[in-house]
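This is my_file.cif. It holds mmCIF, C-alpha atoms.
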```
data_entry
loop_
_atom_site.group_PDB
_atom_site.id
_atom_site.type_symbol
_atom_site.label_atom_id
_atom_site.label_comp_id
_atom_site.auth_asym_id
_atom_site.auth_seq_id
_atom_site.Cartn_x
_atom_site.Cartn_y
_atom_site.Cartn_z
ATOM 1 C CA GLU A 1403 -41.652 138.108 -100.616
ATOM 2 C CA SER A 1404 -42.971 139.145 -103.998
ATOM 3 C CA GLY A 1405 -40.501 138.594 -106.796
ATOM 4 C CA LEU A 1406 -38.321 136.101 -104.949
ATOM 5 C CA VAL A 1407 -37.397 133.110 -107.102
ATOM 6 C CA ALA A 1408 -35.654 129.973 -105.850
ATOM 7 C CA THR A 1409 -34.749 127.235 -108.304
ATOM 8 C CA VAL A 1410 -33.381 123.780 -107.595
ATOM 9 C CA GLY A 1411 -31.148 122.988 -110.518
ATOM 10 C CA ARG A 1412 -28.815 120.089 -110.897
ATOM 11 C CA MET A 1413 -29.321 117.057 -108.667
ATOM 12 C CA ASP A 1414 -26.892 114.199 -108.102
ATOM 13 C CA VAL A 1415 -28.421 111.284 -106.207
ATOM 14 C CA HIS A 1416 -26.353 108.353 -104.939
ATOM 15 C CA PRO A 1417 -26.907 105.485 -105.466
ATOM 16 C CA ASN A 1418 -29.655 106.800 -107.813
ATOM 17 C CA VAL A 1419 -31.701 103.612 -107.823
ATOM 18 C CA GLY A 1420 -35.488 103.884 -107.795
ATOM 19 C CA ASN A 1421 -36.146 101.539 -104.866
ATOM 20 C CA VAL A 1422 -33.141 102.423 -102.671
ATOM 21 C CA ILE A 1423 -33.051 105.253 -100.124
ATOM 22 C CA ALA A 1424 -30.371 107.681 -101.256
ATOM 23 C CA ARG A 1425 -27.155 107.778 -99.269
ATOM 24 C CA GLU A 1426 -26.228 111.231 -100.558
ATOM 25 C CA VAL A 1427 -27.973 113.946 -102.573
ATOM 26 C CA THR A 1428 -26.214 117.006 -103.931
ATOM 27 C CA PHE A 1429 -28.255 119.793 -105.497
ATOM 28 C CA SER A 1430 -27.969 123.442 -106.406
ATOM 29 C CA LEU A 1431 -30.281 126.158 -105.142
ATOM 30 C CA ASP A 1432 -30.321 129.447 -107.024
ATOM 31 C CA VAL A 1433 -32.064 132.293 -105.155
ATOM 32 C CA ARG A 1434 -32.802 135.633 -106.828
ATOM 33 C CA HIS A 1435 -34.507 138.872 -105.851
ATOM 34 C CA ARG A 1436 -33.961 142.581 -106.437
ATOM 35 C CA ASP A 1437 -32.993 143.116 -102.779
ATOM 36 C CA ALA A 1438 -29.863 141.496 -101.298
ATOM 37 C CA GLU A 1439 -31.302 141.545 -97.769
ATOM 38 C CA THR A 1440 -34.365 139.593 -98.911
ATOM 39 C CA ILE A 1441 -32.093 136.966 -100.460
ATOM 40 C CA ARG A 1442 -30.005 136.754 -97.278
ATOM 41 C CA ASN A 1443 -33.076 136.390 -95.033
ATOM 42 C CA PHE A 1444 -34.605 133.720 -97.267
ATOM 43 C CA CYS A 1445 -31.371 131.727 -97.367
ATOM 44 C CA GLU A 1446 -30.944 131.885 -93.586
ATOM 45 C CA GLU A 1447 -34.497 130.638 -93.070
ATOM 46 C CA CYS A 1448 -34.231 127.980 -95.788
ATOM 47 C CA PHE A 1449 -30.876 126.610 -94.605
ATOM 48 C CA GLY A 1450 -32.153 126.661 -91.022
ATOM 49 C CA GLU A 1451 -35.056 124.460 -92.121
ATOM 50 C CA PHE A 1452 -32.621 122.107 -93.878
ATOM 51 C CA GLU A 1453 -30.615 121.791 -90.638
ATOM 52 C CA MET A 1454 -33.738 121.181 -88.552
ATOM 53 C CA VAL A 1455 -35.075 118.443 -90.848
ATOM 54 C CA ALA A 1456 -31.647 116.806 -91.048
ATOM 55 C CA ALA A 1457 -31.368 116.757 -87.250
ATOM 56 C CA GLU A 1458 -34.874 115.269 -86.911
ATOM 57 C CA GLN A 1459 -33.971 112.538 -89.414
ATOM 58 C CA GLY A 1460 -30.602 111.740 -87.833
ATOM 59 C CA THR A 1461 -28.626 112.832 -90.855
ATOM 60 C CA ARG A 1462 -26.653 115.912 -91.782
ATOM 61 C CA VAL A 1463 -26.700 118.652 -94.363
ATOM 62 C CA VAL A 1464 -23.701 120.580 -95.673
ATOM 63 C CA CYS A 1465 -24.208 123.851 -97.540
ATOM 64 C CA TYR A 1466 -21.605 125.539 -99.720
ATOM 65 C CA LYS A 1467 -22.084 129.012 -101.106
ATOM 66 C CA TRP A 1468 -20.244 129.061 -104.411
ATOM 67 C CA MET A 1469 -21.597 132.392 -105.663
ATOM 68 C CA ASP A 1470 -22.910 135.478 -103.935
ATOM 69 C CA GLU A 1471 -23.389 138.335 -106.372
ATOM 70 C CA PRO A 1472 -25.523 141.259 -105.221
ATOM 71 C CA PRO A 1473 -28.428 142.477 -107.350
ATOM 72 C CA VAL A 1474 -27.663 145.544 -109.486
ATOM 73 C CA ALA A 1475 -30.236 148.193 -110.398
ATOM 74 C CA MET A 1476 -30.400 149.241 -114.020
ATOM 75 C CA ASP A 1477 -29.970 152.892 -114.969
ATOM 76 C CA PRO A 1478 -33.211 154.908 -114.558
ATOM 77 C CA ALA A 1479 -32.234 157.377 -117.313
ATOM 78 C CA LEU A 1480 -31.715 154.596 -119.866
ATOM 79 C CA ASN A 1481 -34.968 152.974 -118.812
ATOM 80 C CA ALA A 1482 -36.750 156.328 -119.250
ATOM 81 C CA ILE A 1483 -35.355 156.694 -122.792
ATOM 82 C CA ALA A 1484 -36.580 153.205 -123.675
ATOM 83 C CA GLU A 1485 -39.988 153.923 -122.176
ATOM 84 C CA ASP A 1486 -40.289 157.183 -124.176
ATOM 85 C CA ILE A 1487 -39.425 155.365 -127.412
ATOM 86 C CA LEU A 1488 -41.878 152.544 -126.722
ATOM 87 C CA LYS A 1489 -44.678 155.004 -125.904
ATOM 88 C CA ARG A 1490 -43.930 157.086 -129.015
ATOM 89 C CA GLU A 1491 -44.017 153.962 -131.204
ATOM 90 C CA GLY A 1492 -47.186 152.657 -129.526
ATOM 91 C CA ILE A 1493 -45.467 149.442 -128.439
ATOM 92 C CA SER A 1494 -46.853 147.805 -125.321
ATOM 93 C CA TYR A 1495 -44.291 147.060 -122.627
ATOM 94 C CA LYS A 1496 -43.964 145.860 -119.076
ATOM 95 C CA THR A 1497 -41.513 147.205 -116.512
ATOM 96 C CA MET A 1498 -40.097 144.281 -114.601
ATOM 97 C CA THR A 1499 -37.332 143.131 -112.321
ATOM 98 C CA SER A 1500 -35.030 140.476 -113.693
ATOM 99 C CA GLY A 1501 -33.143 138.104 -111.479
ATOM 100 C CA ALA A 1502 -31.031 137.047 -114.408
ATOM 101 C CA GLY A 1503 -27.272 137.327 -114.050
ATOM 102 C CA HIS A 1504 -26.621 138.767 -117.490
ATOM 103 C CA ASP A 1505 -23.563 140.853 -118.366
ATOM 104 C CA SER A 1506 -25.623 143.855 -117.301
ATOM 105 C CA GLN A 1507 -25.222 142.724 -113.688
ATOM 106 C CA ILE A 1508 -21.464 143.171 -114.054
ATOM 107 C CA PHE A 1509 -21.504 146.302 -116.227
ATOM 108 C CA GLY A 1510 -24.189 147.922 -114.061
ATOM 109 C CA THR A 1511 -21.715 148.465 -111.236
ATOM 110 C CA TYR A 1512 -19.354 150.413 -113.540
ATOM 111 C CA CYS A 1513 -21.445 152.274 -116.114
ATOM 112 C CA PRO A 1514 -25.062 153.137 -116.951
ATOM 113 C CA THR A 1515 -26.707 149.897 -118.020
ATOM 114 C CA ALA A 1516 -30.152 148.716 -119.093
ATOM 115 C CA LEU A 1517 -31.577 145.316 -119.886
ATOM 116 C CA PHE A 1518 -34.447 144.742 -122.307
ATOM 117 C CA PHE A 1519 -36.394 141.577 -122.947
ATOM 118 C CA VAL A 1520 -38.655 140.712 -125.842
ATOM 119 C CA PRO A 1521 -41.724 138.563 -125.135
ATOM 120 C CA SER A 1522 -41.522 134.799 -125.287
ATOM 121 C CA ARG A 1523 -44.672 132.768 -125.872
ATOM 122 C CA ASP A 1524 -46.282 131.915 -122.520
ATOM 123 C CA GLY A 1525 -43.337 133.604 -120.757
ATOM 124 C CA ILE A 1526 -41.179 130.497 -121.208
ATOM 125 C CA SER A 1527 -37.450 131.123 -121.500
ATOM 126 C CA HIS A 1528 -34.273 129.074 -121.253
ATOM 127 C CA SER A 1529 -36.194 126.036 -122.410
ATOM 128 C CA PRO A 1530 -36.627 124.064 -125.633
ATOM 129 C CA ALA A 1531 -40.226 125.337 -125.553
ATOM 130 C CA GLU A 1532 -39.066 128.971 -125.761
ATOM 131 C CA PHE A 1533 -40.363 130.832 -128.814
ATOM 132 C CA THR A 1534 -40.276 134.522 -129.693
ATOM 133 C CA ASP A 1535 -42.185 135.865 -132.671
ATOM 134 C CA THR A 1536 -40.062 137.471 -135.411
ATOM 135 C CA GLU A 1537 -42.048 140.726 -135.118
ATOM 136 C CA ASP A 1538 -41.209 140.937 -131.401
ATOM 137 C CA LEU A 1539 -37.529 140.357 -132.190
ATOM 138 C CA GLN A 1540 -37.668 143.124 -134.802
ATOM 139 C CA ARG A 1541 -39.278 145.507 -132.287
ATOM 140 C CA GLY A 1542 -36.484 144.713 -129.816
ATOM 141 C CA VAL A 1543 -33.791 145.441 -132.395
ATOM 142 C CA ARG A 1544 -35.581 148.654 -133.415
ATOM 143 C CA LEU A 1545 -35.685 149.757 -129.759
ATOM 144 C CA LEU A 1546 -31.950 149.178 -129.438
ATOM 145 C CA ILE A 1547 -31.233 151.116 -132.663
ATOM 146 C CA ASP A 1548 -33.465 154.008 -131.578
ATOM 147 C CA MET A 1549 -31.840 154.133 -128.140
ATOM 148 C CA LEU A 1550 -28.324 154.140 -129.570
ATOM 149 C CA HIS A 1551 -29.334 156.914 -131.993
ATOM 150 C CA LYS A 1552 -30.827 158.992 -129.163
ATOM 151 C CA LEU A 1553 -27.730 158.500 -127.004
ATOM 152 C CA ALA A 1554 -25.370 159.363 -129.873
ATOM 153 C CA TYR A 1555 -27.232 162.473 -131.036
#
```
Once you've parsed the file, please lay out its structure as structure tokens.
Amino acid sequence: ESGLVATVGRMDVHPNVGNVIAREVTFSLDVRHRDAETIRNFCEECFGEFEMVAAEQGTRVVCYKWMDEPPVAMDPALNAIAEDILKREGISYKTMTSGAGHDSQIFGTYCPTALFFVPSRDGISHSPAEFTDTEDLQRGVRLLIDMLHKLAY
């Protein structure tokens, strides 16, 4: 499914010795998509594969779901205001879906909410290699100021 992202995060391997077959491995799997049903279907298929491989290997797998937050759509009216401002200012932009669990995911269920990103070099974020040009940061701040002005007046 287009837009689905699954990330293996933290891994704990025991005994964690290079030439010894692990007795136990614990890892996180973060799955994100704009559609909750797509996430559910992927997880069912993925965990089913885990179970099948474990059974074939004579071992077991235990899965714990520690978070299950549904995706939240951002407000179309706020997005339209941002798009109008960006077009008027001649600033290039890209409409995109974010799987990020920012505060907007919580606020978006209670009030009109929008989420804006500024470009990072090579699209890298949440990494020591992340870099955003000062001019792009300034454009992002200007967009926020212009939106707040439009909403206030």
task = I would like the residues chosen by the PyMOL selection byres ((chain A and resi 1474-1486) around 10) on the shown file; could you give them as a count of residues only?
result = 39
query = Given the choices A:Cys1445, A:Thr1461, A:Glu1532, A:Ala1408, which gets closest to A:Glu1426 if the distance is worked out from only C-alpha atoms?
reply =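 Of A:Cys1445, A:Thr1461, A:Glu1532, A:Ala1408, the one nearest A:Glu1426 is A:Thr1461, counting only C-alpha atoms.
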ask   = Which residue gives the smallest distance to A:Thr1428 among A:Asn1443, A:Arg1412, A:Glu1458, A:His1504, with all atoms listed in the file counted?
value =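 Of A:Asn1443, A:Arg1412, A:Glu1458, A:His1504, the one nearest A:Thr1428 is A:Arg1412, counting all atoms listed in the file.
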Selection: 10 Å around A:Asp1535, only C-alpha atoms, excl. self and same-chain fewer than 6 positions, as a CSV table (one decimal) with C-alpha atoms, in the frame of the given file:
```csv
chain,number,residue,atom,x,y,z
A,1520,VAL,CA,-38.7,140.7,-125.8
A,1521,PRO,CA,-41.7,138.6,-125.1
A,1522,SER,CA,-41.5,134.8,-125.3
A,1523,ARG,CA,-44.7,132.8,-125.9
```
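Note that the spacing between atom CA of A:Asp1470 and atom CA of A:Asp1432 amounts to 10.0 Å.
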Polymer residues at most 10 Å from A:Arg1462, only C-alpha atoms, same-chain spacing of 3 or more positions, as a list in words = Glu1426, Phe1452, Glu1453, Met1454, Val1455, Ala1456, Ala1457, Glu1458 and Gln1459 of chain A
ask   = Which value, in Å to one decimal, gives the distance between atom CA of A:Gly1525 and atom CA of A:Asp1414?
value = 28.4 Å
query = So how many Å separate atom CA of A:Trp1468 and atom CA of A:Val1410, to one decimal?
reply =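 Taking atom CA of A:Trp1468 as the start and atom CA of A:Val1410 as the end point, the length is 14.5 Å.
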With 6 Å of padding per side, what axis-aligned box (centre and edge lengths, Å, one decimal) covers all the listed atoms of stretch 1418-1434 of chain A? Give it as lines of an AutoDock Vina configuration file.
```
center_x = -31.2
center_y = 118.6
center_z = -103.5
size_x = 21.9
size_y = 46.1
size_z = 20.6
```
ask   = Selected by the PyMOL selection byres ((chain A and resi 1427) around 10) in the shown coordinates: which residues, as a ChimeraX atom specification?
value = /A:1413-1418,1424-1426,1428-1429,1463
task = Considering only C-alpha atoms, state which residue in the set A:Gln1540, A:Ser1527, A:Ser1404, A:Thr1534 is at the smallest distance from A:Ile1441.
result =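 Closest to A:Ile1441 of all the choices is A:Ser1404.
Between A:Lys1467 and the residues A:Val1433, A:Val1543, A:Ile1526, A:Val1422, the shortest atom-to-atom distance, using only C-alpha atoms, involves A:Val1433.
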